[in-house]
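Heads up, upload.cif below (mmCIF, C-alpha atoms):
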data_protein
loop_
_atom_site.label_atom_id
_atom_site.label_comp_id
_atom_site.auth_asym_id
_atom_site.auth_seq_id
_atom_site.Cartn_x
_atom_site.Cartn_y
_atom_site.Cartn_z
CA MET A 1 8.68 68.29 -72.34
CA ILE A 2 10.85 65.57 -73.88
CA ILE A 3 13.22 63.47 -71.83
CA GLN A 4 15.31 61.14 -73.92
CA PHE A 5 17.77 58.67 -72.51
CA GLU A 6 19.12 56.77 -75.47
CA VAL A 7 21.02 59.17 -77.72
CA ALA A 8 24.17 60.94 -76.54
CA LEU A 9 23.77 64.70 -76.05
CA PRO A 10 25.90 65.83 -79.04
CA ILE A 11 23.94 63.57 -81.41
CA PHE A 12 20.60 64.72 -79.99
CA GLN A 13 21.67 68.38 -80.29
CA LYS A 14 22.63 67.85 -83.94
CA ARG A 15 19.24 66.25 -84.71
CA TYR A 16 17.36 68.94 -82.79
CA LYS A 17 19.25 71.70 -84.61
CA LYS A 18 18.14 70.26 -87.97
CA ILE A 19 14.52 70.03 -86.84
CA ARG A 20 14.64 73.66 -85.59
CA ALA A 21 16.15 74.75 -88.90
CA TYR A 22 13.27 73.08 -90.74
CA TYR A 23 10.36 74.17 -88.50
CA GLY A 24 11.75 77.14 -86.62
CA PRO A 25 12.13 77.40 -82.86
CA PRO A 26 9.34 75.81 -80.83
CA GLU A 27 7.24 78.04 -78.61
CA ASN A 28 7.43 75.99 -75.45
CA LEU A 29 9.49 72.84 -75.82
CA VAL A 30 11.79 71.68 -73.06
CA THR A 31 14.21 68.83 -73.74
CA LEU A 32 16.47 66.87 -71.45
CA THR A 33 19.04 64.25 -72.34
CA THR A 34 20.26 62.03 -69.55
CA ARG A 35 21.19 58.45 -68.85
CA LYS A 36 20.95 58.82 -65.06
CA PHE A 37 17.19 58.88 -64.74
CA ARG A 38 15.31 56.32 -62.68
CA LEU A 39 11.71 57.17 -61.95
CA THR A 40 11.72 54.98 -58.84
CA ASP A 41 14.30 57.28 -57.24
CA GLU A 42 12.18 59.59 -55.06
CA ALA A 43 14.52 62.56 -55.58
CA VAL A 44 14.33 62.13 -59.38
CA TYR A 45 10.54 61.84 -59.21
CA GLU A 46 10.18 65.00 -57.09
CA HIS A 47 12.63 66.92 -59.31
CA LEU A 48 10.66 65.87 -62.40
CA LYS A 49 7.40 67.06 -60.81
CA HIS A 50 9.05 70.39 -59.97
CA ASP A 51 10.31 70.83 -63.56
CA ILE A 52 6.94 69.93 -65.07
CA LYS A 53 5.23 72.52 -62.86
CA GLU A 54 7.90 75.17 -63.50
CA TRP A 55 7.75 74.74 -67.28
CA LYS A 56 3.96 74.30 -67.26
CA ALA A 57 4.33 71.16 -69.37
CA LYS A 58 1.11 69.61 -70.62
CA VAL A 59 2.73 66.67 -72.43
CA LEU A 60 5.65 64.54 -71.26
CA VAL A 61 7.54 62.34 -73.74
CA LEU A 62 9.80 59.67 -72.26
CA ASP A 63 12.10 57.90 -74.72
CA PRO A 64 12.63 54.94 -74.34
CA TRP A 65 10.77 52.93 -71.71
CA TYR A 66 13.59 50.62 -70.70
CA PHE A 67 15.65 53.49 -69.23
CA LEU A 68 12.94 54.31 -66.69
CA GLN A 69 13.69 51.35 -64.46
CA GLU A 70 16.59 49.33 -63.19
CA GLY A 71 14.74 46.03 -63.10
CA SER A 72 13.40 43.82 -65.85
CA GLU A 73 10.71 45.06 -68.22
CA ASN A 74 9.43 41.47 -68.21
CA GLU A 75 8.60 41.42 -64.49
CA THR A 76 5.03 42.60 -63.92
CA GLU A 77 5.66 43.77 -60.35
CA GLN A 78 8.63 45.90 -61.39
CA VAL A 79 6.76 47.36 -64.36
CA MET A 80 3.75 48.18 -62.15
CA VAL A 81 5.97 50.30 -59.88
CA ILE A 82 6.86 52.54 -62.86
CA VAL A 83 3.28 52.57 -64.14
CA ARG A 84 2.02 53.72 -60.74
CA PHE A 85 4.61 56.53 -60.67
CA LEU A 86 3.55 57.63 -64.16
CA ASP A 87 -0.16 57.42 -63.33
CA SER A 88 0.38 59.53 -60.19
CA LEU A 89 2.41 62.07 -62.12
CA CYS A 90 -0.22 62.40 -64.86
CA GLU A 91 -3.15 62.55 -62.44
CA GLU A 92 -1.56 65.02 -60.04
CA LEU A 93 -0.32 67.39 -62.76
CA GLY A 94 -3.00 66.94 -65.43
CA LEU A 95 -0.33 65.67 -67.78
CA SER A 96 -0.56 63.67 -71.00
CA LEU A 97 2.13 61.05 -71.49
CA ILE A 98 3.79 59.69 -74.61
CA LEU A 99 6.00 56.74 -73.82
CA ILE A 100 8.36 55.46 -76.50
CA HIS A 101 9.04 51.74 -76.36
CA HIS A 102 10.80 49.27 -78.63
CA THR A 103 9.32 46.15 -80.13
CA ARG A 104 10.88 42.73 -79.83
CA LYS A 105 13.13 41.39 -82.55
CA SER A 106 11.32 40.58 -85.79
CA VAL A 107 9.87 37.16 -86.39
CA THR A 108 10.18 35.84 -89.92
CA HIS A 109 8.20 33.16 -91.69
CA GLN A 110 9.27 31.94 -95.11
CA GLY A 111 11.64 34.89 -95.47
CA ARG A 112 9.04 37.59 -94.62
CA LYS A 113 8.74 39.60 -91.43
CA VAL A 114 5.58 38.72 -89.55
CA SER A 115 3.74 41.13 -87.27
CA MET A 116 2.37 39.63 -84.09
CA GLY A 117 0.30 42.72 -83.26
CA MET A 118 0.45 43.63 -79.60
CA GLN A 119 2.71 40.65 -78.93
CA ASP A 120 5.42 42.62 -80.75
CA ILE A 121 5.68 44.86 -77.67
CA ARG A 122 8.58 43.82 -75.46
CA GLY A 123 8.15 43.12 -71.78
CA SER A 124 5.31 42.58 -69.34
CA SER A 125 1.71 42.39 -70.51
CA VAL A 126 1.14 45.50 -68.36
CA LEU A 127 2.73 47.47 -71.19
CA VAL A 128 -0.09 46.33 -73.46
CA GLY A 129 -2.99 46.64 -71.01
CA TRP A 130 -2.10 49.94 -69.32
CA PRO A 131 -2.00 52.58 -72.13
CA ASP A 132 -5.07 54.21 -73.62
CA SER A 133 -3.55 53.95 -77.09
CA ILE A 134 -0.69 52.05 -78.66
CA MET A 135 0.67 53.24 -81.98
CA LEU A 136 3.13 51.21 -84.03
CA LEU A 137 5.43 52.67 -86.70
CA THR A 138 6.69 50.11 -89.17
CA ALA A 139 9.20 50.73 -91.96
CA ALA A 140 7.48 49.65 -95.14
CA LYS A 141 9.73 50.89 -97.95
CA LYS A 142 12.56 53.36 -98.18
CA GLY A 143 11.16 56.58 -96.70
CA LEU A 144 7.66 55.16 -96.23
CA PHE A 145 6.21 54.04 -92.91
CA LEU A 146 2.92 52.53 -91.88
CA GLN A 147 1.43 53.93 -88.70
CA SER A 148 -1.13 51.62 -87.21
CA TRP A 149 -3.05 51.54 -83.96
CA LEU A 150 -2.67 48.36 -81.97
CA ARG A 151 -4.96 49.71 -79.30
CA ASN A 152 -7.15 52.77 -78.98
CA ARG A 153 -9.65 53.34 -76.21
CA ASP A 154 -12.00 55.06 -78.69
CA GLY A 155 -12.17 52.03 -80.97
CA GLN A 156 -10.28 50.83 -84.01
CA LEU A 157 -8.62 53.44 -86.22
CA GLU A 158 -7.48 52.97 -89.79
CA PRO A 159 -3.74 52.70 -90.56
CA ILE A 160 -2.05 55.76 -92.04
CA ALA A 161 0.79 55.75 -94.57
CA LEU A 162 3.51 58.26 -93.65
CA ARG A 163 6.40 59.59 -95.68
CA TRP A 164 9.71 60.33 -94.01
CA SER A 165 11.85 62.70 -96.01
CA LEU A 166 15.54 62.79 -95.13
CA PRO A 167 17.37 65.27 -97.35
CA GLU A 168 21.03 65.74 -96.46
CA GLU A 169 20.68 69.36 -95.34
CA ASN A 170 17.39 69.02 -93.42
CA MET A 171 15.74 66.32 -91.42
CA PRO A 172 12.02 66.99 -91.10
CA PRO A 173 10.12 64.61 -88.89
CA ILE A 174 7.37 62.33 -90.14
CA VAL A 175 4.71 64.09 -92.18
CA PRO A 176 1.47 62.69 -93.66
CA ALA A 177 2.11 61.14 -97.04
CA ASP A 178 0.94 63.31 -99.90
CA ILE A 179 1.07 60.41 -102.32
CA GLU A 180 -1.52 57.72 -102.71
CA VAL A 181 -0.30 54.45 -101.27
CA SER A 182 -2.15 51.18 -101.32
CA LEU A 183 -1.69 49.58 -97.92
CA GLU A 184 -1.53 46.23 -99.70
CA GLU A 185 1.64 47.46 -101.47
CA ILE A 186 3.30 48.10 -98.14
#

Starting from the file, give its structure as structure tokens.
Amino acid sequence: MIIQFEVALPIFQKRYKKIRAYYGPPENLVTLTTRKFRLTDEAVYEHLKHDIKEWKAKVLVLDPWYFLQEGSENETEQVMVIVRFLDSLCEELGLSLILIHHTRKSVTHQGRKVSMGMQDIRGSSVLVGWPDSIMLLTAAKKGLFLQSWLRNRDGQLEPIALRWSLPEENMPPIVPADIEVSLEEI
């Protein structure tokens, strides 16, 4: 189940149609586009639980984080309210959660972008300490991304180079790169 809050419905439908054309129809994917979703609203929370049960969802994707709350993502107490809702939801329904979040604006030093690791994550430190895993996608070159793990409960994982192919007529999502890429080149 994917709930996305950021992209207007017609744009999301157009993207989704291209992905379906490339991969075929998914077996059990439910998508929702809304901008009126606040997890702290009890009615919204109960409705979400009902939908997850009805659709037998095993994975919930929420995109992006900042639409889940009305308060500041920098305030630990406000962030903890959302985290507790999400923890309860996952525990009660046996659900896995993928939460999409944006990084802060880039920092540059001597004309080059500098990664600050987990400090690149916007908002409260709860957003760094709470998840089991944190994956970062970084644009490296045109069509090439570096996927790295900032945090993984099972230990450190190696970065992976990914190729994103965007032909005009199709828009396949990220696929593992089938070309050799030196991570130093990226």

What would the selection look like, as a list in words, if the PyMOL selection byres ((chain A and resi 133) around 6) were run on the coordinates I just shared?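 Applying the expression gives Pro131, Asp132, Ile134, Arg151 and Asn152 of chain A.
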
To one decimal place, how far is CA of Val79 (chain A) from CA of Val128 (chain A) in Å?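 Going from CA of Val79 (chain A) over to CA of Val128 (chain A), I get 11.4 Å.
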
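You can rank A:Glu6, A:Asp87, A:Glu73, A:Glu46 by their closest distance to Ile121 (chain A) using all atoms listed in the file, and at the top of that list sits A:Glu73.
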
Just want the 8 Å neighbourhood of Val126 (chain A), counted on all atoms listed in the file, with same-chain residues fewer than 4 positions away dropped. Output as an MDAnalysis selection string. chainID A and resid 76 79:80 130

I need the residue nearest Asp51 (chain A) from this list: A:Ile2, A:Gly24, A:Arg84, A:Phe12. Use all atoms listed in the file for the distance.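 Checking each of A:Ile2, A:Gly24, A:Arg84, A:Phe12 against Asp51 (chain A), counting all atoms listed in the file, the winner is A:Ile2.
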
Coordinates-based distance that separates CA of Leu62 (chain A) from CA of Ile3 (chain A) (Å, one decimal):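 So the two atoms, CA of Ile3 (chain A) and CA of Leu62 (chain A), lie 5.1 Å apart.
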
Check what the PyMOL selection byres ((chain A and resi 81) around 12) selects in the file above and give those residues as a list in words.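 Applied to this file, the PyMOL selection byres ((chain A and resi 81) around 12) selects Arg38, Leu39, Thr40, Asp41, Leu68, Gln69, Glu70, Gly71, Ser72, Glu73, Glu75, Thr76, Glu77, Gln78, Val79, Met80, Ile82, Val83, Arg84, Phe85, Leu86, Asp87, Ser88 and Val126 of chain A.
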
If you measure from CA of Tyr16 (chain A) to CA of Leu95 (chain A), what distance in Å do you get, rounded to one decimal?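 Here the two named atoms are 23.4 Å from each other.
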
With distances taken over all atoms listed in the file, the candidate from A:Val59, A:Arg112, A:Ala21, A:Leu157 nearest Gly94 (chain A) is A:Val59

Here's the selection I'm unsure about, the PyMOL selection byres ((chain A and resi 56) around 12); applied to the file above, which residues does it give, as a PyMOL selection string? chain A and resi 1+28-30+48-55+57-60+93-95

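Among the candidates A:Gly123, A:Ile11, A:Met135, A:Gln4, the residue lying nearest to Asn74 (chain A) is A:Gly123 (atoms considered: only C-alpha atoms).
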